[in-house]
>>> print(open('coords.cif').read())   # mmCIF, C-alpha atoms and all ligand atoms
data_run
#
loop_
_atom_site.label_atom_id
_atom_site.label_comp_id
_atom_site.auth_asym_id
_atom_site.auth_seq_id
_atom_site.Cartn_x
_atom_site.Cartn_y
_atom_site.Cartn_z
CA MET A 11 92.09 132.34 102.50
CA ILE A 12 91.83 129.92 99.62
CA GLU A 13 88.41 130.04 98.01
CA PRO A 14 86.70 126.67 97.49
CA THR A 15 86.77 126.89 93.71
CA TYR A 16 87.62 123.24 93.01
CA GLU A 17 84.24 122.03 91.82
CA GLY A 18 82.79 123.00 95.18
CA LEU A 19 85.38 121.11 97.23
CA ALA A 20 86.74 122.59 100.43
CA PRO A 21 90.35 123.91 100.30
CA ALA A 22 93.14 121.84 101.81
CA HIS A 23 96.59 122.50 103.19
CA THR A 24 99.41 120.54 101.54
CA VAL A 25 103.21 120.47 101.76
CA ASN A 26 106.22 119.65 99.58
CA HIS A 27 108.02 117.04 101.65
CA CYS A 28 111.80 116.95 100.96
CA LEU A 29 114.48 114.84 102.66
CA LEU A 30 118.03 115.96 103.42
CA LEU A 31 120.43 113.05 103.93
CA GLU A 32 123.89 113.28 105.48
CA THR A 33 125.90 110.43 104.00
CA ASP A 34 129.28 109.03 105.05
CA SER A 35 131.00 109.46 101.69
CA ASP A 36 128.61 111.13 99.28
CA GLY A 37 128.12 114.50 100.98
CA LEU A 38 124.63 115.85 101.43
CA VAL A 39 121.89 114.30 99.35
CA LEU A 40 118.56 116.01 98.79
CA VAL A 41 115.45 114.04 97.84
CA GLU A 42 113.09 116.48 96.08
CA THR A 43 113.64 120.24 96.15
CA GLY A 44 110.17 121.74 96.44
CA ILE A 45 109.73 125.32 95.37
CA GLY A 46 112.90 127.39 95.03
CA LEU A 47 114.08 130.99 95.00
CA VAL A 48 113.47 131.43 91.27
CA ASP A 49 109.78 130.56 91.85
CA ILE A 50 109.45 133.04 94.69
CA ARG A 51 111.03 135.88 92.72
CA ASP A 52 108.69 135.52 89.74
CA PRO A 53 105.99 132.94 90.47
CA ASP A 54 103.58 133.71 87.63
CA GLU A 55 106.32 133.57 85.01
CA VAL A 56 108.26 130.60 86.38
CA LEU A 57 105.46 128.39 87.72
CA GLY A 58 102.67 129.64 85.46
CA ALA A 59 99.97 132.09 86.56
CA ALA A 60 97.12 129.58 86.33
CA TRP A 61 98.87 127.03 88.56
CA VAL A 62 99.80 129.73 91.07
CA GLU A 63 96.21 130.94 91.22
CA THR A 64 94.71 127.49 91.88
CA SER A 65 97.48 126.08 94.09
CA GLN A 66 98.30 129.26 96.05
CA PRO A 67 101.79 128.10 97.07
CA VAL A 68 103.45 129.60 100.15
CA LEU A 69 106.10 131.84 98.58
CA ALA A 70 108.42 132.26 101.56
CA GLU A 71 112.20 132.06 101.26
CA ALA A 72 112.46 130.51 104.71
CA GLU A 73 110.51 127.47 103.46
CA THR A 74 112.86 126.72 100.55
CA ALA A 75 115.30 123.83 100.71
CA ILE A 76 118.32 126.10 100.18
CA ARG A 77 117.47 128.39 103.10
CA GLN A 78 116.80 125.37 105.35
CA VAL A 79 120.10 123.75 104.28
CA GLU A 80 121.88 127.04 105.09
CA GLY A 81 120.03 127.21 108.39
CA LEU A 82 121.68 123.92 109.35
CA GLY A 83 125.11 125.43 108.72
CA PHE A 84 125.70 123.99 105.25
CA SER A 85 125.97 125.67 101.86
CA ALA A 86 124.59 124.87 98.42
CA GLU A 87 127.86 123.20 97.29
CA ASP A 88 127.56 120.67 100.11
CA VAL A 89 124.52 119.18 98.34
CA ARG A 90 126.24 116.94 95.80
CA HIS A 91 123.27 114.84 94.66
CA ILE A 92 119.57 115.49 94.20
CA PHE A 93 117.03 112.72 93.60
CA LEU A 94 113.71 113.65 92.03
CA THR A 95 110.52 111.61 91.86
CA HIS A 96 109.53 113.61 88.77
CA LEU A 97 109.90 117.05 87.20
CA ASP A 98 106.59 118.73 88.05
CA GLY A 99 107.34 122.36 88.84
CA ASP A 100 106.54 122.10 92.54
CA HIS A 101 109.05 119.24 92.94
CA CYS A 102 112.08 120.64 91.12
CA GLY A 103 111.81 124.43 91.55
CA GLY A 104 114.81 124.37 93.86
CA LEU A 105 117.19 122.90 91.26
CA PRO A 106 118.75 126.28 90.32
CA ASP A 107 119.59 126.82 94.01
CA PHE A 108 121.98 123.83 93.89
CA PRO A 109 123.73 124.35 90.52
CA ASP A 110 126.60 121.92 91.20
CA ALA A 111 124.48 118.95 92.26
CA ARG A 112 124.04 115.89 90.05
CA ILE A 113 120.35 115.28 89.37
CA HIS A 114 119.25 111.63 89.53
CA LEU A 115 115.89 110.62 87.99
CA LEU A 116 114.34 108.37 85.37
CA GLY A 117 115.40 109.15 81.80
CA THR A 118 111.82 108.93 80.55
CA GLU A 119 110.90 111.83 82.84
CA ILE A 120 113.62 114.08 81.42
CA GLU A 121 112.59 113.22 77.87
CA ALA A 122 108.92 114.01 78.59
CA ALA A 123 109.76 117.26 80.35
CA LEU A 124 112.10 118.53 77.64
CA ALA A 125 109.62 117.57 74.91
CA GLN A 126 106.58 119.12 76.61
CA ALA A 127 107.96 122.23 78.34
CA PRO A 128 106.69 124.80 78.72
CA SER A 129 103.47 123.19 79.89
CA ALA A 130 101.24 123.40 82.93
CA ARG A 131 103.44 120.88 84.74
CA TYR A 132 106.94 121.30 83.25
CA ARG A 133 108.62 124.71 83.64
CA PRO A 134 111.90 125.22 81.75
CA ALA A 135 113.26 127.92 84.09
CA HIS A 136 113.92 125.09 86.55
CA TRP A 137 116.68 123.63 84.36
CA ALA A 138 117.82 126.74 82.44
CA HIS A 139 121.13 126.52 84.34
CA GLN A 140 121.79 123.22 82.51
CA PRO A 141 122.25 120.88 85.45
CA THR A 142 124.12 117.60 85.21
CA TRP A 143 121.40 114.98 84.72
CA VAL A 144 121.99 111.38 85.77
CA PRO A 145 119.23 109.58 83.86
CA TYR A 146 118.28 105.99 84.67
CA ALA A 147 116.98 103.54 82.08
CA PRO A 148 114.40 100.99 83.18
CA LYS A 149 115.93 97.78 84.51
CA THR A 150 114.16 94.68 85.62
CA ASN A 151 116.88 92.66 87.31
CA ASP A 152 117.13 94.38 90.68
CA GLN A 153 114.32 93.81 93.10
CA TRP A 154 113.34 95.57 96.29
CA PHE A 155 110.47 94.08 98.30
CA GLY A 156 109.08 92.82 94.99
CA PHE A 157 109.43 96.17 93.21
CA THR A 158 111.83 96.81 90.35
CA ALA A 159 114.61 99.02 91.68
CA GLN A 160 118.03 100.46 90.83
CA GLN A 161 120.87 101.45 93.12
CA ALA A 162 121.97 105.08 92.61
CA GLU A 163 124.99 105.38 90.32
CA GLY A 164 128.25 106.57 91.81
CA LEU A 165 127.05 106.61 95.42
CA SER A 166 127.91 104.19 98.17
CA ALA A 167 124.87 105.22 100.22
CA GLU A 168 122.00 102.81 99.64
CA ILE A 169 119.59 104.95 97.69
CA LEU A 170 117.34 103.25 95.14
CA LEU A 171 115.07 104.44 92.38
CA VAL A 172 111.82 102.47 92.57
CA PRO A 173 109.62 103.32 89.57
CA LEU A 174 106.03 104.08 90.61
CA GLY A 175 104.08 104.73 87.42
CA GLY A 176 100.91 106.60 86.62
CA HIS A 177 101.41 110.22 87.67
CA THR A 178 103.92 111.28 84.98
CA GLU A 179 105.87 109.50 82.22
CA GLY A 180 108.85 108.73 84.42
CA HIS A 181 107.59 108.92 87.98
CA THR A 182 109.68 107.08 90.56
CA GLY A 183 109.88 106.51 94.27
CA ILE A 184 113.18 107.04 96.09
CA ALA A 185 114.10 104.43 98.71
CA VAL A 186 116.68 105.32 101.34
CA ARG A 187 118.22 102.84 103.76
CA ALA A 188 118.58 104.09 107.32
CA GLY A 189 120.13 101.39 109.48
CA ASP A 190 118.02 98.26 109.15
CA LYS A 191 114.94 100.20 108.00
CA TRP A 192 113.94 101.89 104.78
CA LEU A 193 112.22 105.14 103.95
CA LEU A 194 110.35 105.29 100.65
CA HIS A 195 109.59 108.75 99.30
CA CYS A 196 106.63 108.01 97.02
CA GLY A 197 106.42 111.46 95.42
CA ASP A 198 102.93 111.81 93.95
CA ALA A 199 102.17 108.07 93.74
CA TYR A 200 99.65 108.76 96.47
CA TYR A 201 98.47 112.04 97.98
CA TYR A 202 96.82 111.04 101.24
CA HIS A 203 98.02 108.52 103.83
CA ARG A 204 94.60 106.88 104.18
CA GLU A 205 94.85 105.75 100.54
CA LEU A 206 97.35 103.17 101.78
CA GLN A 207 95.08 101.70 104.45
CA GLN A 208 93.87 98.19 103.71
CA ASP A 209 90.38 99.74 103.54
CA PRO A 210 91.49 102.82 101.56
CA GLU A 211 89.87 106.23 101.87
CA THR A 212 90.42 109.14 99.53
CA HIS A 213 90.56 112.83 100.38
CA PRO A 214 88.04 114.69 98.18
CA LEU A 215 90.28 117.57 97.12
CA LEU A 216 93.59 115.68 97.02
CA ASN A 217 91.93 112.95 94.97
CA TRP A 218 90.64 115.56 92.54
CA VAL A 219 94.20 116.89 92.17
CA GLN A 220 95.83 113.51 91.62
CA THR A 221 93.18 112.45 89.12
CA THR A 222 93.53 115.74 87.26
CA TYR A 223 97.31 115.35 86.90
CA GLU A 224 97.58 111.58 86.26
CA ILE A 225 98.74 110.38 82.84
CA ASN A 226 97.60 106.77 83.30
CA HIS A 227 94.66 106.11 85.61
CA ASP A 228 94.87 102.31 85.77
CA LEU A 229 98.63 102.32 86.22
CA ARG A 230 98.34 104.87 89.04
CA LEU A 231 95.72 102.80 90.86
CA GLY A 232 97.82 99.67 90.31
CA THR A 233 100.80 101.45 91.86
CA GLN A 234 98.72 102.39 94.90
CA ALA A 235 97.54 98.79 95.25
CA ARG A 236 101.15 97.60 95.27
CA LEU A 237 102.11 100.23 97.85
CA ARG A 238 99.19 99.03 99.99
CA GLU A 239 100.65 95.49 99.82
CA LEU A 240 104.06 96.87 100.78
CA VAL A 241 102.54 98.50 103.87
CA ARG A 242 100.64 95.31 104.72
CA ASP A 243 103.61 92.94 104.30
CA HIS A 244 106.60 95.11 105.25
CA GLY A 245 105.17 98.08 107.14
CA ASP A 246 107.55 97.39 110.03
CA GLU A 247 110.59 97.67 107.72
CA VAL A 248 109.57 100.43 105.34
CA THR A 249 108.12 103.86 106.13
CA LEU A 250 106.27 105.42 103.21
CA ILE A 251 105.78 109.13 102.67
CA ALA A 252 103.95 111.13 100.03
CA ALA A 253 105.18 114.48 98.74
CA HIS A 254 102.07 116.47 99.60
CA ASP A 255 100.52 114.76 102.64
CA PRO A 256 100.89 117.10 105.66
CA TRP A 257 100.09 114.27 108.07
CA ASP A 258 103.02 112.20 106.71
CA LEU A 259 105.32 115.19 107.23
CA GLN A 260 104.07 115.76 110.77
CA ARG A 261 104.50 112.07 111.63
CA LEU A 262 108.10 112.00 110.31
CA GLN A 263 109.02 115.28 112.02
CA ALA A 264 107.63 114.03 115.32
CA ALA A 265 109.60 110.77 114.95
CA SER A 266 112.87 112.58 114.12
CA ASN A 267 112.45 114.97 117.06
CA ALA A 268 111.68 112.12 119.47
ZN ZN A 301 103.33 117.15 93.14
#
>>> encode(input="coords.cif", output="structure tokens", more="lines below")
Ligand SMILES: [Zn+2]
Amino acid sequence: MIEPTYEGLAPAHTVNHCLLLETDSDGLVLVETGIGLVDIRDPDEVLGAAWVETSQPVLAEAETAIRQVEGLGFSAEDVRHIFLTHLDGDHCGGLPDFPDARIHLLGTEIEAALAQAPSARYRPAHWAHQPTWVPYAPKTNDQWFGFTAQQAEGLSAEILLVPLGGHTEGHTGIAVRAGDKWLLHCGDAYYYHRELQQDPETHPLLNWVQTTYEINHDLRLGTQARLRELVRDHGDEVTLIAAHDPWDLQRLQAASNA
């Protein structure tokens, strides 16, 4: 059991929500990696003992992206591209499990991670294998439902980086077109689905976590306000998911099994 040590707040169950996309001409594409094998083998060293103690991650191989990809009959080499919302350890721990994949993310996030690691959030073991980074510079010309966005380089699948600032230096959403609808993986731009209601509600513990890890409070709240408008104006065209909201994961899994 997790002890309620977070300033008296009750513990909460969270997830690391990753997407695996089968594309027509770009192979398998992974959005986020979650925790990987290197984390499970030496969690205190790789993720940091303090983070492991407070977060109490599930350290089970079966839950890693690589084992789930293999469970579907694929291998690591089939994953040719990985898109990351940011480089916090719990989002990119699986990078070493896909050493041949090209890693797409905002350039400002790589710069911050390389400059600050090792730190509580950035863990250098996750890129010690020297992956091929595909960094994106900010652009303002492309638009997606009123957001600045960039089409992924070198892919014909419609996958866009949609910067969503406030959580880290180079935090971005990843938009994926599926037929005539879109899925927007919002990473840590919000933590709890009720934050995107028109009358938003926060979750006490998840709000404590996101406030603790934000780098720009006003920018983060501004991002959430814009996501709330996206839900209000285009909720029938775009499905939003957060990295750590277990209700979002359950909703998507139920929809994909239907
Ligand atoms: Zn996170």
>>> closest_residue(input="coords.cif", among="A:Leu69, A:Leu40, A:Leu94, A:Ala264", to="ligand ZN 301 (chain A)", atoms="all atoms listed in the file")
A:Leu94
>>> atom_distance(input="coords.cif", atom1="atom CA of A:Ala135", atom2="atom CA of A:Phe108")
13.7 Å
>>> closest_atom_pairs(input="coords.cif", of="stretch 51-74 of chain A", to="stretch 122-129 of chain A", cutoff="10 Å", atoms="all atoms listed in the file", output="CSV")
residue,atom,partner,partner_atom,distance
A:Val56,CA,A:Pro128,CA,9.7
A:Leu57,CA,A:Ser129,CA,9.6
A:Gly58,CA,A:Ser129,CA,8.6
>>> closest_atom_pairs(input="coords.cif", of="chain A", to="ligand ZN 301 (chain A)", cutoff="12 Å", atoms="only C-alpha atoms and all ligand atoms", output="tab-separated table")
residue	atom	partner	partner_atom	distance
A:Thr24	CA	A:ZN301	ZN	9.9
A:Val25	CA	A:ZN301	ZN	9.2
A:Asn26	CA	A:ZN301	ZN	7.5
A:His27	CA	A:ZN301	ZN	9.7
A:Cys28	CA	A:ZN301	ZN	11.5
A:Glu42	CA	A:ZN301	ZN	10.2
A:Thr43	CA	A:ZN301	ZN	11.2
A:Gly44	CA	A:ZN301	ZN	8.9
A:Ile45	CA	A:ZN301	ZN	10.6
A:Trp61	CA	A:ZN301	ZN	11.8
A:Ser65	CA	A:ZN301	ZN	10.7
A:Pro67	CA	A:ZN301	ZN	11.7
A:Leu94	CA	A:ZN301	ZN	11.0
A:Thr95	CA	A:ZN301	ZN	9.2
A:His96	CA	A:ZN301	ZN	8.4
A:Leu97	CA	A:ZN301	ZN	8.9
A:Asp98	CA	A:ZN301	ZN	6.2
A:Gly99	CA	A:ZN301	ZN	7.9
A:Asp100	CA	A:ZN301	ZN	5.9
A:His101	CA	A:ZN301	ZN	6.1
A:Cys102	CA	A:ZN301	ZN	9.6
A:Gly103	CA	A:ZN301	ZN	11.3
A:Arg131	CA	A:ZN301	ZN	9.2
A:Tyr132	CA	A:ZN301	ZN	11.3
A:His177	CA	A:ZN301	ZN	9.0
A:Thr178	CA	A:ZN301	ZN	10.1
A:His181	CA	A:ZN301	ZN	10.6
A:Cys196	CA	A:ZN301	ZN	10.5
A:Gly197	CA	A:ZN301	ZN	6.9
A:Asp198	CA	A:ZN301	ZN	5.4
A:Ala199	CA	A:ZN301	ZN	9.2
A:Tyr200	CA	A:ZN301	ZN	9.7
A:Tyr201	CA	A:ZN301	ZN	8.6
A:Leu216	CA	A:ZN301	ZN	10.6
A:Val219	CA	A:ZN301	ZN	9.2
A:Gln220	CA	A:ZN301	ZN	8.5
A:Thr221	CA	A:ZN301	ZN	11.9
A:Thr222	CA	A:ZN301	ZN	11.5
A:Tyr223	CA	A:ZN301	ZN	8.9
A:Glu224	CA	A:ZN301	ZN	10.6
A:Ala252	CA	A:ZN301	ZN	9.2
A:Ala253	CA	A:ZN301	ZN	6.5
A:His254	CA	A:ZN301	ZN	6.6
A:Asp255	CA	A:ZN301	ZN	10.2
>>> closest_residue(input="coords.cif", among="A:Ser35, A:His203, A:Asp110, A:Ala72", to="A:Leu259", atoms="only C-alpha atoms")
A:His203
>>> closest_residue(input="coords.cif", among="A:Glu71, A:Trp218, A:Ala159, A:Gln207", to="A:Glu239", atoms="all atoms listed in the file")
A:Gln207
>>> closest_atom_pairs(input="coords.cif", of="stretch 40-62 of chain A", to="stretch 77-91 of chain A", cutoff="10 Å", atoms="all atoms listed in the file", output="JSON lines")
{"residue": "A:Leu40", "atom": "CA", "partner": "A:His91", "partner_atom": "CA", "distance": 6.4}
{"residue": "A:Val41", "atom": "CA", "partner": "A:His91", "partner_atom": "CA", "distance": 8.5}
{"residue": "A:Gly46", "atom": "CA", "partner": "A:Arg77", "partner_atom": "CA", "distance": 9.3}
{"residue": "A:Leu47", "atom": "CA", "partner": "A:Arg77", "partner_atom": "CA", "distance": 9.2}
>>> axis_aligned_box(input="coords.cif", around="stretch 83-91 of chain A", padding_each_side="3 Å", output="AutoDock Vina command-line options")
--center_x 125.6 --center_y 120.3 --center_z 101.7 --size_x 10.6 --size_y 16.8 --size_z 20.1
>>> residues_around(input="coords.cif", residues="A:Pro109", least_positions_apart="2", cutoff="10 Å", atoms="only C-alpha atoms", output="list in words")
Ala86, Glu87, Val89, Arg90, Gly104, Leu105, Pro106, Asp107, Ala111, Arg112, Ile113, Trp137, His139, Gln140, Pro141 and Thr142 of chain A
>>> atom_distance(input="coords.cif", atom1="atom CA of A:Gly232", atom2="atom CA of A:Gly156")
14.0 Å
>>> atom_distance(input="coords.cif", atom1="atom CA of A:Thr158", atom2="atom CA of A:Gly180")
13.6 Å
>>> closest_residue(input="coords.cif", among="A:Tyr202, A:Val241, A:Pro53, A:Tyr146", to="A:Trp257", atoms="all atoms listed in the file")
A:Tyr202
>>> closest_residue(input="coords.cif", among="A:Leu115, A:Val248, A:Asp34, A:Leu29", to="A:Gln263", atoms="all atoms listed in the file")
A:Leu29
>>> residues_around(input="coords.cif", residues="A:Trp154", least_positions_apart="4", cutoff="10 Å", atoms="all atoms listed in the file", output="number ranges by chain")
A: 158-160, 170-172, 185
>>> residues_around(input="coords.cif", residues="A:Asp36", least_positions_apart="3", cutoff="9 Å", atoms="only C-alpha atoms", output="number ranges by chain")
A: 32-33, 39, 90-91, 164-167
>>> closest_residue(input="coords.cif", among="A:Glu168, A:Glu179, A:Glu211, A:Asp246", to="A:Leu31", atoms="all atoms listed in the file")
A:Glu168
